[in-house]
Amino acid sequence: MTFDWGIVWHYRAALADGVVMTVLLAVATMLIAIPGGIVLALMRLSPLRPVAAASACFVEFFRNIPLILLVYWAFYVMPVAIGIEFSAFATGLAALSLNVSAYNAETFRAGIVSIRRGQGEAALALGMSRWQVMRQVVLPQAVRRVLPVLASTWVSLFKDTSLVSVIGVSELAYVSLQIRSQTFRILEMLTAMAAIYWLLGYPQAKLVDWIHRRYGVSE
Amino acid sequence: MLGDLDFSPLLESWRYLAAGLGVTLALSALTVVSSLLLGAAIGFARVYGPVWISRILTFYIDSMRAIPVLVVLVWMYFAFPLVAGISLPPFWAAWAALTLHVAAYVAEILRAGIKSIRSGQTRAALALGMSGVQVVGKVVLPQAVIRMLPALGSVVSVTIKDTAIAATIAVPEYMERSQTLAGQSFRPVEVFTTAMIVYFIILFPATRAVDMLYRRLAHLGRS
């Protein structure tokens, strides 16, 4: 069997569009999932039992189902349940956001809980307002604990965007698989797809390690 | 609308779905076992092996962290036969791809567990005249394994979730069977909602059990 690697270069424009879509999808998901995670974490820490329980159920449910199933579910069930047709992009974005929000909620909750209560009480005793306590005592420490985990979640999310290819969102995996089936250049296209993901993901993985070393808190 | 739900196709095809669930569990179990073995070998070689082996393995682990499971699965099933000249049936292609992927995570967990045991303990044990193997087997590992438990437990649930992606290469596991049934019965709402609940029922107790086990044993890992 002979291989024709020129095919990868030939379709460079389509592949580049796929990369742009992958990045866009990951960024948009994070932009939704960070506020989403904060809201869910605050709900979870709320003194109101039903609010805390609702958040706990949401988080546990979406952390304990496969993402690819959530993508299919969003594609087939969400439009029926809500009565609105979504584009493939919006559907994929919704599925990814539900999943990542649940993970982020746990990250933020762990970050806030990890700051001992004595610190907040001490700051209040010194005459600081609640807002000052949050901003000047709790958050600066919590950020150090949250940031490395968020960075890891980002890398997972970047890879997980490939799963929305199953509902036809034209990101990198979908574009590569389409070109593969049009040209029958299976080995070339699949290897190129893996190589492009590697080129994008490897520096990110290394960056995450650096963030863990730089900001990670070891007890 | 959601008013006229009809779950009868699910009831009629329950054997078909149950067989799929069996494949999901079998693939998960095989992958967990092989990933633990391969991951342990990679992890030990990375921590205690010579520098050049350590470099190669670090590169392998970081590459697996960078490439989506879907891509590894599809490559293993469609592209690998063109290079190797032997084609793997979908189940074994999925097993190989998932093992390569999950083993990298296991290796990373093992490394973090070993690194979390302070080096003073190793030096003290060496000073007492213990051999390298004794230090690792009697001092480092007994504590490290306990600390690794929560992460190793998450490997189990991650593996079960990742087997669902094997549906893309037509492994007849639960996800793939749900897709087929949804297509044949024109009842995607019922089929996929049921699938969500089924996966949750499997995965939630798995994560809880590991948490509880860890809480019981955590004191053994303290130093």
# chains A, B, ... in the order shown; residues from 1 in each chain; ligands from 1

call {"tool": "interface_residues", "arguments": {"of": "chain A", "to": "chain B", "cutoff": "9 Å", "atoms": "only C-alpha atoms", "output": "PyMOL selection string"}}
result
chain A and resi 1+60-70+72-73+76-78+80-83+155-156+158-163+166+173+186-188+190-191+193-206

call {"tool": "write_last_selection", "arguments": {"atoms": "C-alpha atoms", "output": "mmCIF file, in the first residue's frame"}}
result
data_model
loop_
_atom_site.group_PDB
_atom_site.id
_atom_site.type_symbol
_atom_site.label_atom_id
_atom_site.label_comp_id
_atom_site.auth_asym_id
_atom_site.auth_seq_id
_atom_site.Cartn_x
_atom_site.Cartn_y
_atom_site.Cartn_z
ATOM 1 C CA MET A 1 0.000 0.000 0.000
ATOM 2 C CA GLU A 60 -23.405 13.987 40.749
ATOM 3 C CA PHE A 61 -25.653 13.153 37.808
ATOM 4 C CA PHE A 62 -23.603 14.876 35.130
ATOM 5 C CA ARG A 63 -20.304 13.608 36.539
ATOM 6 C CA ASN A 64 -21.553 10.027 36.451
ATOM 7 C CA ILE A 65 -22.710 9.593 32.860
ATOM 8 C CA PRO A 66 -20.561 9.235 29.738
ATOM 9 C CA LEU A 67 -20.151 12.529 27.888
ATOM 10 C CA ILE A 68 -20.830 10.924 24.496
ATOM 11 C CA LEU A 69 -24.237 9.795 25.782
ATOM 12 C CA LEU A 70 -24.944 13.311 27.036
ATOM 13 C CA TYR A 72 -26.613 12.192 21.962
ATOM 14 C CA TRP A 73 -29.175 12.979 24.635
ATOM 15 C CA TYR A 76 -32.334 13.889 20.436
ATOM 16 C CA VAL A 77 -34.083 14.688 23.710
ATOM 17 C CA MET A 78 -33.376 18.347 24.488
ATOM 18 C CA VAL A 80 -38.270 17.563 22.296
ATOM 19 C CA ALA A 81 -38.184 18.392 25.994
ATOM 20 C CA ILE A 82 -37.806 22.150 25.535
ATOM 21 C CA GLY A 83 -39.578 22.451 22.204
ATOM 22 C CA VAL A 155 -7.071 20.060 28.870
ATOM 23 C CA SER A 156 -9.754 17.370 29.327
ATOM 24 C CA PHE A 158 -10.120 20.397 24.817
ATOM 25 C CA LYS A 159 -9.941 16.668 24.086
ATOM 26 C CA ASP A 160 -13.608 16.055 24.860
ATOM 27 C CA THR A 161 -14.698 18.530 22.179
ATOM 28 C CA SER A 162 -13.842 15.696 19.742
ATOM 29 C CA LEU A 163 -16.950 13.836 20.981
ATOM 30 C CA VAL A 166 -20.856 12.416 16.443
ATOM 31 C CA ALA A 173 -12.325 15.314 14.481
ATOM 32 C CA ILE A 186 -7.620 6.500 5.963
ATOM 33 C CA LEU A 187 -4.146 6.169 7.457
ATOM 34 C CA GLU A 188 -3.021 9.609 6.307
ATOM 35 C CA LEU A 190 -6.348 9.629 10.919
ATOM 36 C CA THR A 191 -2.650 10.061 11.604
ATOM 37 C CA MET A 193 -5.822 14.158 13.019
ATOM 38 C CA ALA A 194 -3.895 12.553 15.877
ATOM 39 C CA ALA A 195 -0.821 14.648 15.069
ATOM 40 C CA ILE A 196 -2.788 17.918 15.043
ATOM 41 C CA TYR A 197 -4.431 17.109 18.381
ATOM 42 C CA TRP A 198 -0.999 16.220 19.720
ATOM 43 C CA LEU A 199 0.545 19.485 18.486
ATOM 44 C CA LEU A 200 -2.248 21.443 20.165
ATOM 45 C CA GLY A 201 -2.561 19.351 23.316
ATOM 46 C CA TYR A 202 1.049 18.513 24.204
ATOM 47 C CA PRO A 203 2.092 22.101 25.033
ATOM 48 C CA GLN A 204 -1.133 22.470 27.043
ATOM 49 C CA ALA A 205 -0.351 19.358 29.095
ATOM 50 C CA LYS A 206 3.145 20.700 29.780
#

call {"tool": "residues_around", "arguments": {"residues": "segment 107-119 of chain A", "least_positions_apart": "6", "cutoff": "10 Å", "atoms": "only C-alpha atoms", "output": "ChimeraX atom specification"}}
result
/A:34,37-45,101,125,133-134,137-139,141-150,153

call {"tool": "write_last_selection", "arguments": {"atoms": "C-alpha atoms", "output": "short mmCIF file (atom, residue, chain, number, x, y, z; two decimals), in the first residue's frame"}}
result
data_model
loop_
_atom_site.label_atom_id
_atom_site.label_comp_id
_atom_site.auth_asym_id
_atom_site.auth_seq_id
_atom_site.Cartn_x
_atom_site.Cartn_y
_atom_site.Cartn_z
CA ILE A 34 -16.87 28.82 35.02
CA GLY A 37 -19.57 26.08 38.31
CA ILE A 38 -19.41 29.04 40.70
CA VAL A 39 -23.21 29.24 40.92
CA LEU A 40 -23.48 25.47 41.53
CA ALA A 41 -20.72 25.59 44.17
CA LEU A 42 -22.39 28.48 46.03
CA MET A 43 -25.72 26.65 45.84
CA ARG A 44 -24.07 23.53 47.24
CA LEU A 45 -22.71 25.55 50.20
CA SER A 101 -20.03 22.95 34.91
CA ALA A 125 -12.99 39.74 64.53
CA VAL A 133 -13.01 38.74 54.16
CA MET A 134 -14.05 37.03 50.93
CA VAL A 137 -8.60 36.50 52.81
CA VAL A 138 -10.51 33.61 51.26
CA LEU A 139 -10.34 34.19 47.48
CA GLN A 141 -5.90 31.54 48.76
CA ALA A 142 -8.73 29.68 47.07
CA VAL A 143 -7.54 30.79 43.61
CA ARG A 144 -4.20 29.09 44.16
CA ARG A 145 -6.01 25.84 44.83
CA VAL A 146 -8.61 26.20 42.08
CA LEU A 147 -6.37 27.33 39.22
CA PRO A 148 -4.34 24.12 38.74
CA VAL A 149 -7.50 21.98 38.76
CA LEU A 150 -9.24 24.31 36.30
CA THR A 153 -10.17 20.43 33.36
#

call {"tool": "residues_around", "arguments": {"residues": "segment 19-29 of chain A", "least_positions_apart": "4", "cutoff": "7 Å", "atoms": "only C-alpha atoms", "output": "PyMOL selection string"}}
result
chain A and resi 15+33+93+96-97+157-158+161+170-172

call {"tool": "closest_residue", "arguments": {"among": "A:Ala90, A:Ala151, A:Ala192, A:Ala123", "to": "Val8 of chain A", "atoms": "only C-alpha atoms"}}
result
A:Ala192

call {"tool": "residues_around", "arguments": {"residues": "Thr122 of chain B", "least_positions_apart": "3", "cutoff": "8 Å", "atoms": "only C-alpha atoms", "output": "short mmCIF file (atom, residue, chain, number, x, y, z; two decimals) with N, CA and C atoms, in the first residue's frame"}}
result
data_model
loop_
_atom_site.label_atom_id
_atom_site.label_comp_id
_atom_site.auth_asym_id
_atom_site.auth_seq_id
_atom_site.Cartn_x
_atom_site.Cartn_y
_atom_site.Cartn_z
N ARG B 118 7.59 11.20 51.55
CA ARG B 118 8.79 12.05 51.68
C ARG B 118 10.08 11.24 51.55
N SER B 119 11.07 11.85 50.90
CA SER B 119 12.31 11.13 50.61
C SER B 119 13.08 10.79 51.88
N ALA B 125 15.22 4.41 55.61
CA ALA B 125 15.15 2.97 55.41
C ALA B 125 16.46 2.44 54.84
N LEU B 126 17.06 3.20 53.89
CA LEU B 126 18.34 2.79 53.32
C LEU B 126 19.42 2.80 54.39
N VAL B 135 12.90 -1.23 50.46
CA VAL B 135 12.44 0.14 50.73
C VAL B 135 11.12 0.40 50.00
N VAL B 139 8.22 0.13 52.67
CA VAL B 139 8.06 1.47 53.23
C VAL B 139 7.21 2.36 52.31
N VAL B 140 7.64 2.46 51.04
CA VAL B 140 6.99 3.43 50.15
C VAL B 140 5.61 2.95 49.70
#
